[in-house]
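What's in input.tsv: TSV, C-alpha atoms
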```tsv
chain	number	residue	atom	x	y	z
O	1249	MET	CA	79.22	39.28	-44.88
O	1250	GLU	CA	79.79	43.00	-44.84
O	1251	LEU	CA	76.07	43.45	-44.56
O	1252	CYS	CA	76.07	41.17	-41.51
O	1253	PHE	CA	78.85	43.17	-39.90
O	1254	GLY	CA	76.95	46.35	-40.75
O	1255	ALA	CA	73.77	45.04	-39.16
O	1256	ALA	CA	75.69	43.92	-36.09
O	1257	ARG	CA	77.34	47.32	-35.82
O	1258	VAL	CA	73.95	49.06	-36.05
O	1259	LYS	CA	72.57	46.71	-33.37
O	1260	VAL	CA	75.51	47.42	-31.04
O	1261	ARG	CA	75.07	51.15	-31.64
O	1262	GLU	CA	71.31	50.95	-30.89
O	1263	THR	CA	71.98	48.99	-27.69
O	1264	ARG	CA	74.51	51.63	-26.65
O	1265	ASP	CA	71.99	54.39	-27.41
O	1266	PHE	CA	69.33	52.69	-25.30
O	1267	ALA	CA	71.81	52.18	-22.46
O	1268	ALA	CA	72.87	55.83	-22.65
O	1269	GLU	CA	69.25	56.95	-22.63
O	1270	ASP	CA	68.51	54.70	-19.63
O	1271	ALA	CA	71.42	56.28	-17.77
O	1272	ILE	CA	70.13	59.77	-18.61
O	1273	VAL	CA	66.62	58.80	-17.52
O	1274	ASP	CA	67.95	57.52	-14.19
O	1275	ARG	CA	69.74	60.82	-13.61
O	1276	CYS	CA	66.63	62.78	-14.63
O	1277	ARG	CA	64.61	60.90	-12.01
O	1278	LYS	CA	67.00	62.34	-9.44
O	1279	GLN	CA	66.28	65.82	-10.81
O	1280	ASP	CA	69.67	66.12	-12.48
O	1281	PHE	CA	69.45	69.38	-14.41
O	1282	GLU	CA	72.30	68.59	-16.78
O	1283	ALA	CA	70.88	65.21	-17.76
O	1284	PHE	CA	67.49	66.73	-18.38
O	1285	GLY	CA	69.15	69.31	-20.63
O	1286	LYS	CA	70.51	66.46	-22.77
O	1287	LEU	CA	67.04	64.98	-23.01
O	1288	VAL	CA	65.62	68.33	-24.08
O	1289	ASP	CA	68.31	68.65	-26.74
O	1290	ALA	CA	67.45	65.21	-28.06
O	1291	TYR	CA	63.68	65.71	-28.32
O	1292	GLN	CA	62.95	69.45	-28.49
O	1293	ASN	CA	62.67	69.68	-32.27
O	1294	ARG	CA	60.55	66.57	-32.65
O	1295	VAL	CA	58.15	67.60	-29.91
O	1296	PHE	CA	58.01	71.11	-31.33
O	1297	GLY	CA	57.34	69.73	-34.83
O	1298	PHE	CA	54.41	67.72	-33.51
O	1299	VAL	CA	52.99	70.56	-31.41
O	1300	ARG	CA	53.46	73.03	-34.26
O	1301	ARG	CA	51.00	71.04	-36.37
O	1302	MET	CA	48.58	70.55	-33.51
O	1303	VAL	CA	48.12	74.18	-32.44
O	1304	PRO	CA	47.23	77.13	-34.69
O	1305	SER	CA	50.11	79.55	-34.12
O	1306	LEU	CA	53.88	79.36	-33.88
O	1307	GLU	CA	53.99	81.28	-30.56
O	1308	GLU	CA	51.46	78.95	-29.02
O	1309	ALA	CA	53.46	75.96	-30.25
O	1310	ALA	CA	56.60	77.34	-28.60
O	1311	ASP	CA	54.72	77.90	-25.34
O	1312	VAL	CA	53.17	74.44	-25.35
O	1313	THR	CA	56.53	72.82	-26.10
O	1314	GLN	CA	58.09	74.61	-23.13
O	1315	GLU	CA	55.19	73.47	-21.01
O	1316	VAL	CA	55.79	69.87	-22.13
O	1317	PHE	CA	59.39	69.92	-20.88
O	1318	ILE	CA	58.51	71.76	-17.68
O	1319	LYS	CA	55.84	69.18	-16.89
O	1320	ALA	CA	58.25	66.37	-17.74
O	1321	PHE	CA	60.88	67.85	-15.42
O	1322	GLN	CA	58.38	68.25	-12.59
O	1323	ASN	CA	56.98	64.75	-12.94
O	1324	PHE	CA	60.02	62.73	-13.95
O	1325	ALA	CA	59.92	60.78	-10.69
O	1326	ARG	CA	56.55	59.39	-11.83
O	1327	PHE	CA	57.91	58.14	-15.16
O	1328	ASP	CA	57.75	54.36	-14.69
O	1329	GLY	CA	59.63	53.31	-17.82
O	1330	ARG	CA	56.79	51.20	-19.18
O	1331	CYS	CA	56.98	53.18	-22.40
O	1332	SER	CA	59.88	55.03	-23.98
O	1333	VAL	CA	60.74	58.61	-23.00
O	1334	ARG	CA	59.77	59.68	-26.50
O	1335	THR	CA	56.28	58.17	-26.18
O	1336	TRP	CA	55.91	59.74	-22.73
O	1337	LEU	CA	56.92	63.19	-23.97
O	1338	PHE	CA	54.60	62.97	-26.97
O	1339	ARG	CA	51.76	61.86	-24.71
O	1340	ILE	CA	52.25	64.94	-22.52
O	1341	ALA	CA	52.41	67.08	-25.66
O	1342	TYR	CA	49.24	65.55	-27.10
O	1343	HIS	CA	47.24	66.09	-23.90
O	1344	LEU	CA	48.47	69.67	-23.59
O	1345	CYS	CA	47.49	70.38	-27.20
O	1346	VAL	CA	44.02	68.92	-26.64
O	1347	ASP	CA	43.64	70.96	-23.44
O	1348	ARG	CA	44.79	74.10	-25.21
O	1349	ALA	CA	42.36	73.51	-28.09
O	1350	ARG	CA	39.49	73.05	-25.64
O	1351	LYS	CA	40.50	76.15	-23.75
O	1352	ASN	CA	40.60	78.20	-26.92
O	1353	ASP	CA	37.35	76.64	-27.99
O	1354	ARG	CA	39.00	75.81	-31.24
O	1355	SER	CA	37.08	72.97	-32.75
O	1356	PRO	CA	38.32	72.11	-36.21
O	1357	SER	CA	35.76	70.81	-38.63
O	1358	GLU	CA	35.55	67.07	-38.23
O	1359	VAL	CA	36.23	64.87	-41.20
O	1360	ALA	CA	33.32	62.65	-42.14
O	1361	LEU	CA	34.03	59.04	-41.19
O	1362	VAL	CA	33.48	57.69	-44.70
O	1363	ASP	CA	36.05	56.66	-47.19
O	1364	PRO	CA	36.09	59.44	-49.79
O	1365	THR	CA	38.25	57.42	-52.15
O	1366	GLU	CA	35.89	54.48	-52.24
O	1367	GLY	CA	35.40	53.15	-55.74
O	1368	GLU	CA	37.82	55.47	-57.47
O	1369	GLU	CA	41.50	55.55	-58.14
O	1370	ILE	CA	43.50	58.64	-57.35
O	1371	ASP	CA	46.51	59.34	-59.44
O	1372	VAL	CA	49.21	60.29	-56.97
O	1373	ALA	CA	52.75	59.75	-58.09
O	1374	ASP	CA	54.61	57.09	-56.16
O	1375	THR	CA	57.94	58.62	-55.33
O	1376	ARG	CA	59.24	55.88	-53.06
O	1377	TRP	CA	61.86	54.67	-55.44
O	1378	GLN	CA	63.09	58.09	-56.50
O	1379	PRO	CA	63.66	60.05	-53.33
O	1380	GLU	CA	66.31	62.24	-54.95
O	1381	GLN	CA	63.73	63.42	-57.48
O	1382	MET	CA	61.13	64.12	-54.87
O	1383	VAL	CA	60.62	67.82	-55.08
O	1384	ILE	CA	57.55	69.21	-53.43
O	1385	ASP	CA	57.01	72.83	-54.26
O	1386	ALA	CA	55.95	75.45	-51.72
O	1387	GLU	CA	52.37	75.51	-52.95
O	1388	LEU	CA	51.91	71.78	-52.56
O	1389	MET	CA	53.42	71.98	-49.07
O	1390	THR	CA	50.95	74.66	-48.16
O	1391	ILE	CA	48.08	72.55	-49.46
O	1392	ILE	CA	49.22	69.58	-47.40
O	1393	GLU	CA	49.68	71.69	-44.27
O	1394	GLU	CA	46.21	73.16	-44.76
O	1395	GLY	CA	44.80	69.70	-45.29
O	1396	ILE	CA	46.41	68.53	-42.04
O	1397	ASN	CA	45.07	71.57	-40.18
O	1398	SER	CA	41.54	70.93	-41.41
O	1399	MET	CA	41.49	67.45	-39.84
O	1400	SER	CA	40.21	66.66	-36.40
O	1401	GLU	CA	42.85	66.35	-33.70
O	1402	LYS	CA	42.29	62.61	-33.52
O	1403	LEU	CA	43.17	62.04	-37.16
O	1404	ARG	CA	45.87	64.68	-37.28
O	1405	SER	CA	47.76	63.36	-34.28
O	1406	VAL	CA	47.84	59.81	-35.65
O	1407	LEU	CA	48.94	60.99	-39.10
O	1408	ILE	CA	51.80	63.11	-37.76
O	1409	LEU	CA	52.95	60.56	-35.20
O	1410	HIS	CA	53.02	57.71	-37.70
O	1411	ASP	CA	54.00	59.33	-40.96
O	1412	LYS	CA	56.15	62.19	-39.73
O	1413	GLU	CA	57.55	60.93	-36.44
O	1414	ASP	CA	57.87	57.29	-37.51
O	1415	MET	CA	56.12	55.95	-34.45
O	1416	SER	CA	54.75	52.42	-34.61
O	1417	TYR	CA	51.05	51.56	-34.35
O	1418	GLU	CA	51.71	50.02	-30.93
O	1419	GLU	CA	53.44	53.12	-29.62
O	1420	ILE	CA	50.63	55.38	-30.86
O	1421	ALA	CA	47.98	53.08	-29.42
O	1422	GLN	CA	49.78	53.11	-26.07
O	1423	MET	CA	50.15	56.85	-26.18
O	1424	LEU	CA	46.55	57.63	-27.04
O	1425	ASP	CA	45.03	54.78	-25.02
O	1426	VAL	CA	43.16	53.36	-28.00
O	1427	PRO	CA	43.29	49.94	-29.72
O	1428	ILE	CA	45.71	49.39	-32.59
O	1429	GLY	CA	42.76	48.91	-34.96
O	1430	THR	CA	41.53	52.40	-34.12
O	1431	VAL	CA	44.97	53.81	-34.85
O	1432	LYS	CA	44.98	52.15	-38.27
O	1433	SER	CA	41.47	53.34	-39.07
O	1434	ARG	CA	42.33	56.90	-38.10
O	1435	LEU	CA	45.51	56.81	-40.14
O	1436	PHE	CA	43.63	55.55	-43.18
O	1437	LEU	CA	40.99	58.25	-42.84
O	1438	ALA	CA	43.59	60.95	-42.34
O	1439	ARG	CA	45.48	59.95	-45.46
O	1440	ALA	CA	42.24	59.62	-47.40
O	1441	HIS	CA	41.31	63.13	-46.34
O	1442	LEU	CA	44.65	64.43	-47.63
O	1443	GLN	CA	44.13	62.55	-50.89
O	1444	ASP	CA	40.77	64.23	-51.21
O	1445	VAL	CA	42.28	67.66	-50.54
O	1446	LEU	CA	44.96	67.07	-53.18
O	1447	LYS	CA	42.42	65.80	-55.63
O	1448	ARG	CA	40.28	68.91	-55.23
O	1449	TYR	CA	43.39	71.04	-55.62
O	1450	THR	CA	44.40	69.35	-58.89
O	1451	GLU	CA	40.83	69.60	-60.20
O	1452	VAL	CA	40.74	73.33	-59.51
O	1453	GLY	CA	44.18	73.69	-61.10
O	1454	ALA	CA	43.06	71.82	-64.21
J	322	MET	CA	39.48	43.33	-34.77
J	323	ASN	CA	40.16	39.83	-36.08
J	324	ALA	CA	43.08	38.75	-38.25
J	325	GLU	CA	41.08	39.08	-41.45
J	326	ASP	CA	40.03	42.67	-40.67
J	327	ASN	CA	43.57	43.43	-39.61
J	328	GLY	CA	44.96	42.14	-42.88
J	329	PHE	CA	42.38	44.11	-44.83
J	330	GLU	CA	43.25	47.28	-42.88
J	331	ASP	CA	46.98	46.74	-43.55
J	332	ALA	CA	46.33	46.18	-47.23
J	333	LYS	CA	44.36	49.43	-47.45
J	334	LEU	CA	47.11	51.32	-45.62
J	335	ASN	CA	49.76	49.87	-47.93
J	336	SER	CA	47.97	50.89	-51.11
J	337	THR	CA	49.85	53.13	-53.50
J	338	GLY	CA	47.80	56.24	-52.85
J	339	GLN	CA	48.10	55.92	-49.08
J	340	GLN	CA	51.85	55.32	-49.30
J	341	ALA	CA	52.27	58.37	-51.53
J	342	ILE	CA	50.52	60.54	-48.98
J	343	ARG	CA	52.76	59.05	-46.30
J	344	ASP	CA	55.84	60.04	-48.30
J	345	MET	CA	54.51	63.56	-48.75
J	346	VAL	CA	53.85	63.96	-45.04
J	347	ARG	CA	57.32	62.59	-44.30
J	348	ALA	CA	58.82	65.14	-46.67
J	349	LEU	CA	57.28	68.06	-44.79
J	350	PRO	CA	60.00	70.33	-43.43
J	351	ASP	CA	61.29	69.63	-39.92
J	352	GLU	CA	60.61	72.30	-37.39
J	353	SER	CA	63.29	73.52	-35.04
J	354	VAL	CA	63.19	75.70	-31.97
J	355	SER	CA	65.20	78.88	-31.64
J	356	MET	CA	68.08	79.54	-29.26
J	357	THR	CA	65.93	82.13	-27.51
J	358	TRP	CA	63.32	79.49	-26.86
J	359	ARG	CA	65.96	77.17	-25.43
J	360	SER	CA	67.45	79.78	-23.12
J	361	SER	CA	63.98	80.79	-21.95
J	362	LEU	CA	63.23	77.14	-21.15
J	363	ASN	CA	66.55	76.84	-19.31
J	364	GLU	CA	65.70	79.83	-17.15
J	365	GLN	CA	62.31	78.40	-16.27
J	366	LEU	CA	63.82	75.01	-15.50
J	367	LEU	CA	66.49	76.59	-13.28
J	368	VAL	CA	63.85	78.46	-11.29
J	369	LEU	CA	61.85	75.27	-10.98
J	370	ALA	CA	64.90	73.26	-9.94
J	371	ALA	CA	65.77	75.82	-7.27
J	372	LYS	CA	62.20	75.75	-5.94
J	373	GLN	CA	62.18	71.97	-5.83
J	374	GLN	CA	65.54	71.88	-4.06
J	375	LYS	CA	64.30	74.37	-1.47
J	376	LYS	CA	61.15	72.34	-0.98
J	377	ARG	CA	63.21	69.16	-0.54
J	378	ARG	CA	65.46	70.87	2.04
J	379	ILE	CA	62.46	72.10	4.00
J	380	LEU	CA	60.91	68.65	3.90
J	381	TRP	CA	64.21	67.07	4.96
J	382	PHE	CA	64.11	69.19	8.12
J	383	ALA	CA	60.35	69.39	8.63
J	384	ARG	CA	59.51	65.70	8.42
J	385	PRO	CA	61.75	64.45	11.27
J	386	ALA	CA	60.92	67.57	13.31
J	387	ALA	CA	57.20	66.94	12.94
J	388	GLY	CA	57.68	63.27	13.87
J	389	LEU	CA	59.75	64.14	16.93
J	390	SER	CA	57.33	66.77	18.20
J	391	LEU	CA	54.42	64.40	17.76
J	392	ALA	CA	56.24	61.67	19.69
J	393	MET	CA	57.15	64.15	22.46
J	394	GLY	CA	53.61	65.40	22.74
J	395	LEU	CA	52.30	61.86	23.00
J	396	ALA	CA	54.87	61.00	25.66
J	397	LEU	CA	53.94	64.09	27.72
J	398	VAL	CA	50.27	63.31	27.53
J	399	LEU	CA	50.84	59.73	28.66
J	400	MET	CA	53.16	60.87	31.46
J	401	PHE	CA	50.85	63.46	33.03
J	402	MET	CA	47.48	62.00	32.28
J	403	PRO	CA	45.79	60.85	35.57
J	404	SER	CA	45.17	57.15	35.60
J	405	ALA	CA	41.46	56.78	35.91
J	406	HIS	CA	40.34	53.27	36.75
J	407	GLN	CA	36.80	53.35	35.85
J	408	THR	CA	34.57	50.50	36.84
J	409	VAL	CA	32.46	49.14	34.21
J	410	LYS	CA	28.88	49.24	35.15
J	411	ALA	CA	27.04	46.15	34.19
J	412	PRO	CA	23.99	46.89	32.20
J	413	ASP	CA	20.78	46.36	34.02
J	414	ARG	CA	19.56	43.28	32.38
J	415	GLY	CA	17.11	40.75	33.77
J	416	ILE	CA	18.76	37.61	35.01
J	417	GLU	CA	22.30	38.97	35.17
J	418	SER	CA	21.26	41.78	37.54
J	419	ALA	CA	19.22	39.34	39.64
J	420	ILE	CA	22.24	37.03	40.00
J	421	LEU	CA	24.46	40.00	40.86
J	422	SER	CA	22.11	41.36	43.55
J	423	ASP	CA	21.68	37.89	44.99
J	424	HIS	CA	25.45	37.50	45.16
J	425	ARG	CA	25.84	40.90	46.79
J	426	SER	CA	23.18	40.18	49.45
J	427	SER	CA	24.68	36.79	50.23
J	428	ALA	CA	28.13	38.37	50.61
J	429	LEU	CA	26.67	40.98	52.94
J	430	LEU	CA	24.93	38.32	54.92
J	431	ASN	CA	28.13	36.40	55.26
J	432	GLU	CA	29.83	39.44	56.73
J	433	VAL	CA	27.01	40.32	59.16
J	434	SER	CA	26.26	36.88	60.46
J	435	SER	CA	28.13	33.80	59.55
J	436	ALA	CA	28.08	31.14	57.02
J	437	GLY	CA	25.05	28.96	56.98
J	438	LEU	CA	22.53	31.59	57.94
J	439	ASN	CA	20.31	33.29	55.53
J	440	LEU	CA	18.77	36.70	55.58
J	441	THR	CA	15.43	35.46	56.85
J	442	GLU	CA	17.03	33.75	59.83
J	443	VAL	CA	19.00	36.86	60.69
J	444	THR	CA	15.89	38.96	60.50
J	445	THR	CA	13.93	36.46	62.57
J	446	GLU	CA	16.61	36.32	65.24
J	447	ALA	CA	16.83	40.08	65.33
J	448	ASN	CA	13.09	40.36	65.75
J	449	THR	CA	12.76	37.64	68.43
J	450	SER	CA	12.68	39.31	71.82
J	451	ASP	CA	14.54	37.30	74.40
J	452	PRO	CA	12.98	37.86	77.86
J	453	ASP	CA	16.30	37.32	79.59
J	454	ASP	CA	18.27	39.59	77.35
J	455	GLY	CA	19.03	42.85	79.21
J	456	GLN	CA	15.85	42.86	81.28
J	457	TRP	CA	15.73	42.61	85.13
J	458	SER	CA	13.16	40.19	86.46
J	459	ALA	CA	11.51	40.52	89.84
J	460	ALA	CA	13.50	37.57	91.19
J	461	ASP	CA	16.72	39.33	90.23
J	462	VAL	CA	15.69	42.43	92.07
J	463	GLU	CA	14.76	40.43	95.16
J	464	SER	CA	18.05	38.59	95.20
J	465	LEU	CA	19.77	41.91	95.51
```
Just dump the structure as structure tokens.
Amino acid sequence: MELCFGAARVKVRETRDFAAEDAIVDRCRKQDFEAFGKLVDAYQNRVFGFVRRMVPSLEEAADVTQEVFIKAFQNFARFDGRCSVRTWLFRIAYHLCVDRARKNDRSPSEVALVDPTEGEEIDVADTRWQPEQMVIDAELMTIIEEGINSMSEKLRSVLILHDKEDMSYEEIAQMLDVPIGTVKSRLFLARAHLQDVLKRYTEVGA
Amino acid sequence: MNAEDNGFEDAKLNSTGQQAIRDMVRALPDESVSMTWRSSLNEQLLVLAAKQQKKRRILWFARPAAGLSLAMGLALVLMFMPSAHQTVKAPDRGIESAILSDHRSSALLNEVSSAGLNLTEVTTEANTSDPDDGQWSAADVESL
């Protein structure tokens, strides 16, 4: 019973959040500076987190993130509401990152489109049921970050959007203009690539 | 992608190894922007907002002004433009031009003579010399 009340309360809260966001979006369409500031506050860190892993340097990430919000402010009248503001902002961010990478002629080495884990089991500890014990040391973090950076933008963007930003397959597919199947394939390959990187790291360590 | 492929893809994505990688990626530290970054963005947005407001004000004045001046110009042109009634010249085409010239000659004939006469008759009459018309005969001179 308590659980039911809890679920209902969460639902009411979510509905209120959506309504509040809709009101903010309406004000942003009328170029309301204050409302746009609230939107920036709500999404700045998430957008920055995504961009940070898509471009090589921290300064560039900060610049691109500013550009995302400037573009959003300039073009808010064109936001049709067919997708969420979050998806729209991430779409702008993704396209800016791709443009920036092309401009810098930075082409990361593409990951081969084969399953590197085929036919073998990789021993990676499943920490789902012990989140309090999940301690990833700085070295492992660095390895994962390097592994993410060595992926192509296509794989990297899907991995970060799904696994880090908790976006659904549908949202990512809508954002990148690709079928859901493609999103799943890219996600699988991205994770497989990280598994491979970790495997090589443990082998070298051993 | 059919349902079977979809199910297979989901199963692969839900495997232990893939889920472990997902948890690791999720555990990566969250990035946050600095206050300097935020204030710099605010400045840029303020400049942009001011520019857009200025542009909107100019457009608010310029659009009706442009419409009014266009309407006035059009009205002036219509008012002072000389009305030229130009006749349309029929193209010179076979039967139509023959009918037209026939009509014109018959209208002319009607004006010169009267109804019922044709051009040939008028010409014939004009050419026929009447001996009594304007000429003095010898008998007339004697009678004097």
Practice task
For segment 329-336 of chain J, work out the shell of residues within 8 Å, counting all atoms listed in the file and skipping chain neighbours fewer than 2 positions away, then give it as a list of chain:residue names.
Solution key: O:Lys1432, O:Ser1433, O:Leu1435, O:Phe1436, J:Glu325, J:Asp326, J:Asn327, J:Gly338, J:Gln339, J:Gln340
Fill in the blank from the handout: Nearest to chain O, restricted to only C-alpha atoms and choosing among J:Thr357, J:Ile416, J:Ala396, J:Leu362, comes out as J:Leu362
Problem - Which residue of O:Val1303, O:Val1406, O:Ala1310, O:Ala1341 approaches chain J most closely, using all atoms listed in the file - result: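 Of O:Val1303, O:Val1406, O:Ala1310, O:Ala1341, the one nearest chain J, counting all atoms listed in the file, is O:Ala1310.
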Handout entry: Polymer residues at most 9 Å from (43.0, 54.1, -33.1) by all atoms listed in the file, as a list of chain:residue names
Key =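 Residues found, by chain and rising number: O:Lys1402, O:Leu1403, O:Val1406, O:Tyr1417, O:Ile1420, O:Ala1421, O:Leu1424, O:Asp1425, O:Val1426, O:Pro1427, O:Ile1428, O:Gly1429, O:Thr1430, O:Val1431, O:Lys1432, O:Ser1433, O:Arg1434, O:Leu1435.
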Problem - Distance query Glu1394 of chain O at most 12 Å, only C-alpha atoms, self and fewer than 2 positions along chain excluded, as a list in words - result: Arg1301, Met1302, Pro1304, Pro1356, Glu1387, Leu1388, Met1389, Thr1390, Ile1391, Ile1392, Ile1396, Asn1397, Ser1398, Met1399, Arg1404, His1441, Leu1442, Val1445, Leu1446 and Tyr1449 of chain O; Val346 of chain J
Exercise for the section: Measure the distance from atom CA of Gly1297 of chain O to atom CA of His1410 of chain O in Å and round it to one decimal. Expected result: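 According to the coordinates, atom CA of Gly1297 of chain O and atom CA of His1410 of chain O are separated by 13.1 Å.
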Quick one: contact table of chain J to chain O, 10 Å max, nearest atom pair and distance in Å to one decimal per residue, counting all atoms listed in the file, chain and number order, as a tab-separated table?
```
residue	atom	partner	partner_atom	distance
J:Met322	CA	O:Gly1429	CA	6.5
J:Asn323	CA	O:Gly1429	CA	9.5
J:Asp326	CA	O:Gly1429	CA	8.9
J:Asn327	CA	O:Gly1429	CA	7.2
J:Glu330	CA	O:Lys1432	CA	6.9
J:Asp331	CA	O:Lys1432	CA	7.8
J:Lys333	CA	O:Phe1436	CA	7.5
J:Leu334	CA	O:Phe1436	CA	6.0
J:Asn335	CA	O:Phe1436	CA	9.6
J:Thr337	CA	O:Asp1374	CA	6.7
J:Gly338	CA	O:Val1372	CA	5.9
J:Gln339	CA	O:Arg1439	CA	6.0
J:Gln340	CA	O:Asp1374	CA	7.6
J:Ala341	CA	O:Asp1374	CA	5.3
J:Ile342	CA	O:Arg1439	CA	6.2
J:Arg343	CA	O:Asp1411	CA	5.5
J:Asp344	CA	O:Arg1376	CA	7.2
J:Met345	CA	O:Ile1384	CA	7.9
J:Val346	CA	O:Lys1412	CA	6.1
J:Arg347	CA	O:Lys1412	CA	4.7
J:Ala348	CA	O:Ile1384	CA	8.0
J:Leu349	CA	O:Met1389	CA	7.0
J:Pro350	CA	O:Met1389	CA	8.8
J:Asp351	CA	O:Gly1297	CA	6.4
J:Glu352	CA	O:Gly1297	CA	4.9
J:Ser353	CA	O:Asn1293	CA	4.8
J:Val354	CA	O:Asn1293	CA	6.0
J:Ser355	CA	O:Ala1310	CA	9.3
J:Trp358	CA	O:Ala1310	CA	7.3
J:Arg359	CA	O:Gln1314	CA	8.6
J:Ser361	CA	O:Gln1314	CA	8.6
J:Leu362	CA	O:Gln1314	CA	6.1
J:Asn363	CA	O:Gly1285	CA	8.1
J:Gln365	CA	O:Ile1318	CA	7.8
J:Leu366	CA	O:Ile1318	CA	6.6
J:Leu367	CA	O:Phe1281	CA	7.9
J:Leu369	CA	O:Gln1322	CA	8.0
J:Ala370	CA	O:Phe1281	CA	7.5
J:Gln373	CA	O:Gln1322	CA	8.6
J:Gln374	CA	O:Gln1279	CA	9.1
```
Handout entry: Atom-to-atom span, atom CA of Asp1270 of chain O and atom CA of Glu1418 of chain O, Å
Key =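 These two atoms are separated by 20.8 Å.
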Exercise for the section: Could you tell me how far atom CA of Glu1308 of chain O lies from atom CA of His1343 of chain O, in Å and to one decimal? Expected result: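 According to the coordinates, atom CA of Glu1308 of chain O and atom CA of His1343 of chain O are separated by 14.5 Å.
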Practice task
Might you pull out every residue within 9 Å of Val1273 of chain O, with all atoms listed in the file counted and same-chain residues fewer than 5 positions away left off, and present them as an NGL selection string?
Solution key: :O and (1268 or 1278 or 1283-1284 or 1287 or 1324 or 1329 or 1333)
